[in-house]
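Enquirer: Next up, upload_25.txt (compact mmCIF, C-alpha atoms).
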```
# COMPACT_ATOMS: atom_id res chain seq x y z
CA MET S 1 0.00 0.00 0.00
CA GLU S 2 2.00 2.94 -1.31
CA ILE S 3 1.20 6.65 -1.28
CA TRP S 4 3.08 8.61 -3.92
CA VAL S 5 3.76 12.34 -3.58
CA LEU S 6 4.41 13.96 -6.95
CA GLY S 7 6.64 17.01 -6.74
CA ALA S 8 7.80 15.80 -3.33
CA LEU S 9 10.85 18.09 -3.23
CA GLY S 10 8.82 21.27 -3.63
CA ARG S 11 7.52 23.42 -0.79
CA THR S 12 4.04 21.87 -0.74
CA GLY S 13 5.35 18.37 -1.39
CA ARG S 14 7.70 18.53 1.57
CA ALA S 15 4.92 19.68 3.89
CA ILE S 16 2.61 16.86 2.78
CA THR S 17 5.36 14.26 3.04
CA ALA S 18 6.05 15.38 6.63
CA GLU S 19 2.32 15.15 7.42
CA LEU S 20 2.11 11.61 6.04
CA GLU S 21 5.12 10.55 8.07
CA ARG S 22 3.54 12.06 11.20
CA ARG S 23 0.56 9.81 10.55
CA GLY S 24 2.77 6.74 10.13
CA LEU S 25 2.29 6.68 6.35
CA PRO S 26 5.73 6.90 4.73
CA ALA S 27 5.50 8.35 1.25
CA VAL S 28 7.19 7.38 -1.98
CA LEU S 29 8.78 10.58 -3.31
CA VAL S 30 8.39 11.33 -7.01
CA GLY S 31 10.51 13.96 -8.75
CA ARG S 32 12.93 14.58 -11.59
CA SER S 33 16.26 14.88 -9.73
CA ARG S 34 17.70 11.50 -8.83
CA GLU S 35 20.51 13.10 -6.85
CA ARG S 36 18.17 15.18 -4.66
CA LEU S 37 15.72 12.32 -4.18
CA ASP S 38 18.50 9.92 -3.22
CA ALA S 39 19.76 12.39 -0.62
CA THR S 40 16.44 12.15 1.26
CA GLY S 41 17.02 8.51 2.17
CA ALA S 42 13.39 7.73 1.32
CA LYS S 43 11.98 5.44 -1.34
CA PHE S 44 11.62 7.38 -4.57
CA VAL S 45 10.66 7.28 -8.24
CA VAL S 46 12.36 9.44 -10.88
CA ALA S 47 9.99 10.80 -13.53
CA ASP S 48 9.86 14.15 -15.32
CA GLY S 49 6.54 15.40 -16.65
CA ALA S 50 2.94 14.25 -16.41
CA GLU S 51 3.18 11.61 -19.14
CA ALA S 52 6.32 10.01 -17.66
CA ILE S 53 4.72 10.02 -14.21
CA ALA S 54 1.55 8.45 -15.61
CA ALA S 55 3.59 5.68 -17.21
CA GLU S 56 5.26 4.88 -13.87
CA ILE S 57 1.88 4.86 -12.11
CA ARG S 58 0.49 2.37 -14.62
CA ARG S 59 3.58 0.21 -14.19
CA GLN S 60 3.93 0.25 -10.39
CA ARG S 61 0.27 0.68 -9.30
CA PRO S 62 0.45 2.82 -6.11
CA THR S 63 -2.64 2.89 -3.91
CA VAL S 64 -2.89 6.71 -3.70
CA VAL S 65 -1.25 9.39 -5.83
CA ILE S 66 -0.98 12.97 -4.50
CA ASN S 67 -0.31 15.56 -7.20
CA THR S 68 1.52 18.69 -5.97
CA ILE S 69 3.22 19.59 -9.25
CA GLY S 70 0.58 22.18 -10.07
CA GLU S 71 -0.81 23.21 -13.47
CA TYR S 72 -3.67 20.90 -12.55
CA ALA S 73 -5.84 21.64 -15.57
CA ALA S 74 -3.07 20.14 -17.72
CA THR S 75 -1.58 17.48 -15.43
CA ALA S 76 -4.54 16.08 -13.50
CA PRO S 77 -6.49 14.22 -16.22
CA ALA S 78 -3.54 12.13 -17.46
CA ILE S 79 -2.25 11.34 -13.97
CA ALA S 80 -5.69 10.53 -12.53
CA ARG S 81 -6.56 8.25 -15.44
CA ALA S 82 -3.28 6.40 -14.91
CA CYS S 83 -4.56 5.42 -11.43
CA LEU S 84 -7.40 3.42 -13.01
CA PRO S 85 -8.59 0.89 -12.16
CA GLY S 86 -8.70 0.86 -8.39
CA GLY S 87 -6.06 3.48 -7.58
CA HIS S 88 -6.93 6.82 -6.01
CA TYR S 89 -5.91 10.38 -6.86
CA VAL S 90 -5.70 13.65 -4.86
CA ASP S 91 -4.82 17.22 -5.88
CA MET S 92 -5.10 20.73 -4.46
CA ALA S 93 -6.56 22.50 -7.50
CA ALA S 94 -8.50 25.66 -6.71
CA ASP S 95 -9.25 27.22 -10.10
CA LEU S 96 -12.50 26.64 -11.97
CA VAL S 97 -11.00 24.99 -15.06
CA ALA S 98 -8.88 22.45 -13.20
CA VAL S 99 -11.62 21.50 -10.72
CA ARG S 100 -14.16 21.04 -13.52
CA ARG S 101 -11.81 18.91 -15.60
CA LEU S 102 -11.15 16.51 -12.76
CA LEU S 103 -14.85 16.29 -11.84
CA ASP S 104 -15.63 15.53 -15.50
CA LEU S 105 -13.83 12.20 -14.98
CA HIS S 106 -16.52 11.05 -12.54
CA ASP S 107 -17.97 8.29 -14.73
CA GLU S 108 -14.52 6.92 -15.57
CA ALA S 109 -13.51 6.84 -11.91
CA LEU S 110 -16.83 5.27 -10.92
CA ALA S 111 -16.48 2.51 -13.52
CA GLY S 112 -12.89 1.85 -12.43
CA GLY S 113 -13.66 1.71 -8.71
CA SER S 114 -11.35 4.67 -8.04
CA THR S 115 -11.82 7.87 -6.05
CA PHE S 116 -10.48 11.10 -7.52
CA VAL S 117 -10.43 14.09 -5.13
CA THR S 118 -9.75 17.64 -6.31
CA GLY S 119 -9.55 20.79 -4.21
CA ALA S 120 -8.03 18.98 -1.22
CA GLY S 121 -6.77 22.18 0.34
CA PHE S 122 -7.77 25.12 2.48
CA GLY S 123 -10.16 27.17 0.36
CA VAL S 124 -12.30 24.51 -1.30
CA LEU S 125 -12.76 22.29 1.74
CA ALA S 126 -13.02 25.07 4.34
CA THR S 127 -16.00 26.62 2.55
CA GLU S 128 -17.54 23.41 1.18
CA ALA S 129 -17.57 21.75 4.60
CA VAL S 130 -19.37 24.70 6.24
CA VAL S 131 -21.99 24.77 3.47
CA ALA S 132 -22.53 21.01 3.79
CA LYS S 133 -23.00 21.34 7.55
CA LEU S 134 -25.47 24.22 7.24
CA CYS S 135 -27.53 22.43 4.55
CA GLU S 136 -27.54 19.02 6.22
CA GLY S 137 -31.10 17.64 6.46
CA ARG S 138 -32.68 20.75 4.92
CA ASP S 139 -34.32 21.68 1.62
CA THR S 140 -32.33 23.19 -1.24
CA PRO S 141 -31.42 26.82 -0.45
CA SER S 142 -31.90 29.69 -2.88
CA ARG S 143 -28.60 31.44 -2.24
CA VAL S 144 -25.17 30.72 -0.79
CA GLN S 145 -22.33 33.14 -0.09
CA VAL S 146 -18.93 31.85 0.99
CA ASP S 147 -15.70 33.52 2.11
CA ALA S 148 -12.23 31.96 2.08
CA LEU S 149 -9.70 33.82 4.20
CA ALA S 150 -6.29 32.19 4.41
CA SER S 151 -3.62 33.22 6.90
CA VAL S 152 -0.31 32.04 5.48
CA ALA S 153 3.19 32.29 6.92
CA ILE S 154 5.72 33.16 4.20
CA LYS S 155 8.85 31.02 4.14
CA GLU S 156 12.16 32.12 2.69
CA GLY S 157 12.96 30.70 -0.74
CA ALA S 158 11.71 30.59 -4.31
CA VAL S 159 7.96 30.75 -4.83
CA GLY S 160 8.00 27.63 -7.04
CA VAL S 161 5.92 26.68 -10.08
CA ALA S 162 2.92 25.14 -8.27
CA LEU S 163 2.35 28.14 -5.99
CA ALA S 164 3.09 30.62 -8.79
CA ALA S 165 0.45 29.04 -11.03
CA SER S 166 -2.10 29.19 -8.20
CA ILE S 167 -1.34 32.88 -7.59
CA VAL S 168 -1.63 33.80 -11.28
CA ASP S 169 -4.94 31.94 -11.60
CA GLY S 170 -6.32 33.37 -8.37
CA VAL S 171 -5.38 36.99 -8.98
CA THR S 172 -6.98 37.02 -12.44
CA ALA S 173 -10.18 35.12 -11.51
CA VAL S 174 -12.18 38.20 -10.53
CA SER S 175 -15.86 37.37 -10.16
CA ALA S 176 -17.76 37.80 -13.41
CA ARG S 177 -20.71 39.01 -11.36
CA GLY S 178 -18.66 41.91 -10.05
CA ALA S 179 -19.10 41.18 -6.34
CA SER S 180 -17.78 44.30 -4.61
CA PRO S 181 -15.01 44.07 -1.99
CA ARG S 182 -16.15 44.22 1.61
CA THR S 183 -14.71 43.99 5.11
CA LEU S 184 -15.35 40.70 6.88
CA VAL S 185 -15.46 40.77 10.69
CA LEU S 186 -14.15 37.49 12.07
CA PRO S 187 -15.37 35.60 15.16
CA ASP S 188 -12.12 36.32 17.02
CA GLY S 189 -12.58 40.09 16.59
CA GLU S 190 -10.06 40.54 13.78
CA SER S 191 -11.16 41.78 10.35
CA ALA S 192 -10.00 41.48 6.76
CA LYS S 193 -10.97 42.64 3.30
CA VAL S 194 -12.31 40.12 0.78
CA ALA S 195 -13.38 40.46 -2.85
CA GLY S 196 -15.41 38.44 -5.31
CA ILE S 197 -13.62 35.68 -7.20
CA ASP S 198 -14.62 32.78 -9.43
CA SER S 199 -12.71 29.75 -8.19
CA GLY S 200 -13.02 26.10 -7.24
CA GLU S 201 -14.88 27.11 -4.09
CA LEU S 202 -17.78 28.11 -6.34
CA ILE S 203 -18.19 24.61 -7.78
CA ALA S 204 -17.82 22.92 -4.39
CA ALA S 205 -20.42 25.18 -2.75
CA GLN S 206 -22.85 24.64 -5.63
CA ARG S 207 -22.51 20.88 -5.38
CA ALA S 208 -22.80 20.87 -1.58
CA SER S 209 -25.94 23.02 -1.54
CA GLY S 210 -27.68 22.73 -4.90
CA ALA S 211 -28.32 26.49 -4.69
CA PRO S 212 -28.80 28.29 -8.02
CA ASP S 213 -27.07 31.44 -6.75
CA VAL S 214 -23.58 31.07 -5.26
CA THR S 215 -21.08 33.88 -4.65
CA VAL S 216 -17.46 33.41 -3.57
CA PHE S 217 -15.28 35.99 -1.82
CA SER S 218 -11.60 35.50 -1.07
CA GLY S 219 -8.91 37.25 0.91
CA LEU S 220 -6.53 36.49 -1.97
CA ALA S 221 -8.48 38.58 -4.48
CA PRO S 222 -7.24 42.17 -4.95
CA THR S 223 -9.48 44.79 -3.32
CA ALA S 224 -7.86 48.06 -4.47
CA PRO S 225 -10.12 49.75 -7.09
CA VAL S 226 -7.25 50.58 -9.47
CA VAL S 227 -5.91 47.03 -9.42
CA ARG S 228 -9.37 45.51 -9.86
CA ALA S 229 -10.01 47.79 -12.84
CA LEU S 230 -6.91 46.40 -14.56
CA LEU S 231 -7.57 42.73 -13.78
CA PRO S 232 -9.99 41.99 -16.66
CA LEU S 233 -7.29 43.09 -19.13
CA LEU S 234 -4.65 41.11 -17.23
CA GLY S 235 -6.96 38.09 -17.23
CA ARG S 236 -7.32 38.26 -21.02
CA LEU S 237 -3.55 38.48 -21.42
CA VAL S 238 -2.89 35.57 -19.09
CA SER S 239 -5.47 33.47 -20.97
CA ILE S 240 -2.90 33.36 -23.81
CA PRO S 241 -0.89 30.18 -23.03
CA ALA S 242 2.51 31.68 -23.86
CA VAL S 243 1.87 34.74 -21.69
CA ARG S 244 0.62 32.61 -18.80
CA ARG S 245 3.69 30.35 -18.97
CA PHE S 246 5.94 33.41 -18.94
CA ALA S 247 4.11 34.92 -15.95
CA VAL S 248 4.24 31.67 -13.99
CA ARG S 249 7.91 31.12 -14.80
CA ARG S 250 8.93 34.62 -13.70
CA LEU S 251 6.87 34.50 -10.51
CA ALA S 252 8.15 31.02 -9.65
CA ALA S 253 11.72 32.32 -9.63
CA VAL S 254 10.96 35.16 -7.20
CA ARG S 255 12.56 34.62 -3.81
CA THR S 256 10.54 35.53 -0.74
CA LYS S 257 11.65 36.50 2.74
CA SER S 258 10.22 34.90 5.86
CA ALA S 259 7.17 36.65 7.31
CA PRO S 260 4.66 35.62 9.98
CA ARG S 261 1.06 34.93 9.10
CA PRO S 262 -1.05 38.11 9.04
CA ARG S 263 -3.87 36.85 11.26
CA THR S 264 -4.19 34.44 14.18
CA HIS S 265 -6.51 32.05 12.34
CA THR S 266 -7.52 30.90 8.88
CA TRP S 267 -11.27 31.03 8.19
CA GLY S 268 -13.88 29.48 5.94
CA HIS S 269 -17.30 31.15 6.14
CA ALA S 270 -20.74 30.60 4.63
CA ILE S 271 -24.18 32.24 4.74
CA VAL S 272 -26.99 30.07 3.38
CA THR S 273 -30.44 31.50 2.57
CA TRP S 274 -33.63 29.55 1.82
CA PRO S 275 -36.56 30.67 -0.38
CA GLY S 276 -38.71 31.55 2.64
CA GLY S 277 -36.06 33.92 3.96
CA ALA S 278 -34.50 31.67 6.64
CA THR S 279 -30.75 32.13 6.94
CA ARG S 280 -27.98 30.14 8.60
CA GLU S 281 -24.36 31.19 9.05
CA GLY S 282 -21.26 29.18 9.94
CA TRP S 283 -17.48 29.26 10.15
CA LEU S 284 -14.58 26.84 10.01
CA ARG S 285 -11.55 27.97 12.02
CA ALA S 286 -8.09 26.59 11.33
CA ASP S 287 -4.53 27.63 12.08
CA GLU S 288 -1.95 28.43 9.38
CA ALA S 289 -3.49 27.76 5.95
CA MET S 290 -0.67 25.67 4.46
CA ASP S 291 -0.51 23.53 7.59
CA PHE S 292 -4.25 22.98 7.30
CA THR S 293 -3.87 22.08 3.62
CA ALA S 294 -1.20 19.51 4.46
CA GLY S 295 -3.54 18.10 7.10
CA VAL S 296 -6.38 17.89 4.58
CA VAL S 297 -4.24 16.04 2.06
CA GLY S 298 -2.85 13.70 4.72
CA GLU S 299 -6.30 12.87 6.07
CA THR S 300 -7.72 12.42 2.56
CA ALA S 301 -4.88 10.12 1.49
CA ALA S 302 -5.13 8.07 4.67
CA ARG S 303 -8.87 7.53 4.22
CA LEU S 304 -8.52 6.67 0.55
CA ALA S 305 -5.76 4.18 1.36
CA ARG S 306 -8.18 2.50 3.79
CA GLY S 307 -10.83 2.34 1.06
CA GLU S 308 -13.17 4.87 2.71
CA GLY S 309 -13.77 7.19 -0.26
CA LYS S 310 -16.81 7.12 -2.54
CA PRO S 311 -15.89 5.96 -6.06
CA GLY S 312 -16.05 8.72 -8.63
CA ALA S 313 -14.60 12.22 -8.93
CA HIS S 314 -15.37 14.54 -6.01
CA THR S 315 -14.38 17.52 -3.93
CA PRO S 316 -13.17 16.50 -0.42
CA ALA S 317 -16.40 16.75 1.60
CA SER S 318 -18.32 15.09 -1.23
CA ALA S 319 -15.95 12.12 -1.22
CA LEU S 320 -15.37 11.75 2.51
CA GLY S 321 -17.90 13.88 4.43
CA ALA S 322 -17.62 17.33 5.99
CA ASP S 323 -15.94 15.91 9.10
CA VAL S 324 -12.70 15.51 7.13
CA ALA S 325 -12.19 19.24 7.81
CA GLU S 326 -12.27 18.62 11.57
CA ALA S 327 -9.95 15.62 11.27
CA ALA S 328 -7.51 17.87 9.40
CA GLY S 329 -7.43 20.38 12.27
CA GLY S 330 -10.41 22.63 11.66
CA THR S 331 -13.14 23.60 14.15
CA PHE S 332 -16.74 24.36 13.15
CA LEU S 333 -18.52 27.39 14.62
CA LEU S 334 -22.13 27.04 13.45
```
Please rewrite the model in this file as structure tokens.
Expert:
Amino acid sequence: MEIWVLGALGRTGRAITAELERRGLPAVLVGRSRERLDATGAKFVVADGAEAIAAEIRRQRPTVVINTIGEYAATAPAIARACLPGGHYVDMAADLVAVRRLLDLHDEALAGGSTFVTGAGFGVLATEAVVAKLCEGRDTPSRVQVDALASVAIKEGAVGVALAASIVDGVTAVSARGASPRTLVLPDGESAKVAGIDSGELIAAQRASGAPDVTVFSGLAPTAPVVRALLPLLGRLVSIPAVRRFAVRRLAAVRTKSAPRPRTHTWGHAIVTWPGGATREGWLRADEAMDFTAGVVGETAARLARGEGKPGAHTPASALGADVAEAAGGTFLL
């Protein structure tokens, strides 16, 4: 029973590998540098690129594959399909295109007895789990609004390709409905600005609630009026593949300095409204967002390795239940 971590030498891959080891689940490290992999002393597989990785998966048949190499819209379908039949797949995609593409593989995963999980990270699960809790045992609501507010500690070093791609996608995914920025007052008394964004949280909240009207706000979305005015143009430019690759490559090479997280907690928030006017509100509180993400991936991989996931392609709470957020270190305030 092997759990593979793709991109294991990157920032996110190292955090997830440490989380798996903490749970007594040693990982098989997958990367492109034999020298660096060998220096870890762990079991490893050398493969460069999604197609080469997929070939190794088909040959060696790991139980669970965790994809941290990023560019999920491009890499996830080939790697997930390589897990069929019977193997399981996990990624941390958060943009609309990547999440949809993985969920579109539902029938293939179902037929192969595999569970594919996308969005196994802070934003998607933190909001999806609150919505699922608020809607449990109730009729379909008419409207859902969710807020994802990460508190991330910056570590010294290069940004890296996976994180750079997520930042580029997130910054340019301004909500098409033009949801205006607002200040969100948090349960612990702190506050933060959030702005509308179209992201993977939108799909997860729609699926968890069935509501026809879902709005997503994020603390990662720019709130300054001048910046927001320029984002539609920037989004069109970045939609050109060559421009996007250039932007990701340049951002990935940027080196950051260490900085503490800006707020005490990380928060997922939802307000659910029903046709008759009834409203429920809830929060999920977690600590540092990347630590929570590593916990989500570790818990998801552990459950899939035990055969606890629903076959098909899902977001985390859909595959494993909303309580996976608690098991990963979150606390519900409903």
Enquirer: Find, counting all atoms listed in the file, the residue in S:Thr273, S:Thr293, S:Thr140, S:Thr127 that gets nearest to Ala322 of chain S.
Expert: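 Closest candidate: S:Thr127.
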Enquirer: For the contact check between segment 238-332 of chain S and segment 71-88 of chain S, emit one row per residue of segment 238-332 of chain S within 12 Å, containing the shortest atom pair and the distance in Å rounded to one decimal, counting only C-alpha atoms, chain then rising number order, as a tab-separated table.
Expert:
```
residue	atom	partner	partner_atom	distance
S:Pro241	CA	S:Ala74	CA	11.6
S:Arg244	CA	S:Glu71	CA	10.9
S:Arg245	CA	S:Glu71	CA	10.1
S:Val248	CA	S:Glu71	CA	9.9
S:Arg249	CA	S:Glu71	CA	11.8
S:Thr300	CA	S:His88	CA	10.3
S:Ala301	CA	S:His88	CA	8.4
S:Ala302	CA	S:His88	CA	10.9
S:Arg303	CA	S:His88	CA	10.4
S:Leu304	CA	S:His88	CA	6.8
S:Ala305	CA	S:His88	CA	7.9
S:Arg306	CA	S:His88	CA	10.8
S:Gly307	CA	S:His88	CA	9.2
S:Glu308	CA	S:His88	CA	10.9
S:Gly309	CA	S:His88	CA	8.9
S:Lys310	CA	S:His88	CA	10.5
S:Pro311	CA	S:His88	CA	9.0
S:Gly312	CA	S:His88	CA	9.7
S:Ala313	CA	S:Ala80	CA	9.8
S:His314	CA	S:His88	CA	11.4
S:Ala319	CA	S:His88	CA	11.5
```
Enquirer: Can you measure atom CA of Ala211 of chain S to atom CA of Val131 of chain S for me? One decimal in Å is fine.
Expert: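 Computing it gives 10.5 Å between the two atoms.
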Enquirer: Sorted by chain and rising residue number, which residues of segment 204-313 of chain S lie within 8 Å of segment 176-198 of chain S, and what are their closest atom pairs and distances in Å to one decimal, counting all atoms listed in the file, as CSV?
Expert:
```
residue,atom,partner,partner_atom,distance
S:Thr215,CA,S:Gly196,CA,7.3
S:Val216,CA,S:Gly196,CA,5.7
S:Phe217,CA,S:Gly196,CA,4.3
S:Ser218,CA,S:Val194,CA,5.0
S:Gly219,CA,S:Val194,CA,4.5
S:Leu220,CA,S:Val194,CA,7.4
S:Ala221,CA,S:Ala195,CA,5.5
S:Pro222,CA,S:Ala195,CA,6.7
S:Thr223,CA,S:Pro181,CA,5.7
S:Arg263,CA,S:Glu190,CA,7.6
```
Enquirer: Could you tell me how far atom CA of Val144 of chain S lies from atom CA of Gly210 of chain S, in Å and to one decimal?
Expert: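 Rounded to one decimal, the two atoms are 9.3 Å apart.
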Enquirer: What does the distance between atom CA of Val243 of chain S and atom CA of Leu96 of chain S come to in Å, to one decimal place?
Expert: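 Computing the Euclidean distance for atom CA of Val243 of chain S and atom CA of Leu96 of chain S yields 19.1 Å.
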Enquirer: Find the residue from S:Tyr89, S:Phe292, S:Phe246, S:Trp4 that sits nearest to Gly329 of chain S; use all atoms listed in the file when measuring.
Expert: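 That would be S:Phe292, the residue with the smallest distance to Gly329 of chain S.
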Enquirer: Can you work out which one of S:Ala278, S:Leu20, S:Ala93, S:Ala55 has the shortest atom-to-atom distance to Ile167 of chain S, counting all atoms listed in the file?
Expert: S:Ala93
Enquirer: Choose the residue, out of S:Leu202, S:Leu234, S:Ala129, S:Val297, that has the smallest atom-to-atom separation from Gly330 of chain S; count only C-alpha atoms.
Expert: S:Ala129
Enquirer: May I have the protein, DNA and RNA residues with any atom at most 6 Å from the point (13.9, 34.2, -6.8), counting only C-alpha atoms, written as an MDAnalysis selection string?
Expert: chainID S and resid 158 253:255
Enquirer: From the options S:Ala165, S:Leu110, S:Ala39, S:Val46, which residue's atoms come nearest to Leu251 of chain S, counting all atoms listed in the file?
Expert: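 Nearest to Leu251 of chain S: S:Ala165.
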Enquirer: So which one's closest to Arg261 of chain S, S:Leu125, S:Val117, S:Ala294, S:Leu149? Using only C-alpha atoms, please.
Expert: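 Smallest distance to Arg261 of chain S is found for S:Leu149.
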Enquirer: When you look at Ala47 of chain S with a cut-off of 7 Å (counting all atoms listed in the file), what residues show up, excluding the ones that are within fewer than 4 positions of it in the same chain? I need them as a list in words.
Expert: Val30, Gly31, Arg32, Ala52 and Ile53 of chain S
Enquirer: Excluding Ile69 of chain S and any residue of its chain fewer than 2 positions from it, enumerate the residues within 9 Å of it, using only C-alpha atoms, and give them as a PyMOL selection string.
Expert: chain S and resi 6-8+10+12-13+50+67+71-72+75+161-162
Enquirer: Any chance you could tabulate, as CSV, the residues of segment 27-85 of chain S at most 10 Å from segment 15-19 of chain S with each one's nearest atom pair and distance in Å to one decimal, using only C-alpha atoms, in chain and rising number order?
Expert:
```
residue,atom,partner,partner_atom,distance
S:Ala27,CA,S:Thr17,CA,6.2
S:Val28,CA,S:Thr17,CA,8.7
S:Leu29,CA,S:Thr17,CA,8.1
S:Ile66,CA,S:Ile16,CA,9.0
S:Thr68,CA,S:Ile16,CA,9.0
```
Enquirer: Compile the contact shell of Met1 of chain S as a PyMOL selection string: residues with an atom at most 9 Å away, counting all atoms listed in the file, same-chain residues fewer than 2 positions apart removed.
Expert: chain S and resi 3+62-64+305
Enquirer: Just the selected residues (C-alpha atoms), exported as a compact mmCIF listing (two decimals), in the coordinates of the input, please.
Expert:
```txt
# COMPACT_ATOMS: atom_id res chain seq x y z
CA ILE S 3 1.20 6.65 -1.28
CA PRO S 62 0.45 2.82 -6.11
CA THR S 63 -2.64 2.89 -3.91
CA VAL S 64 -2.89 6.71 -3.70
CA ALA S 305 -5.76 4.18 1.36
```
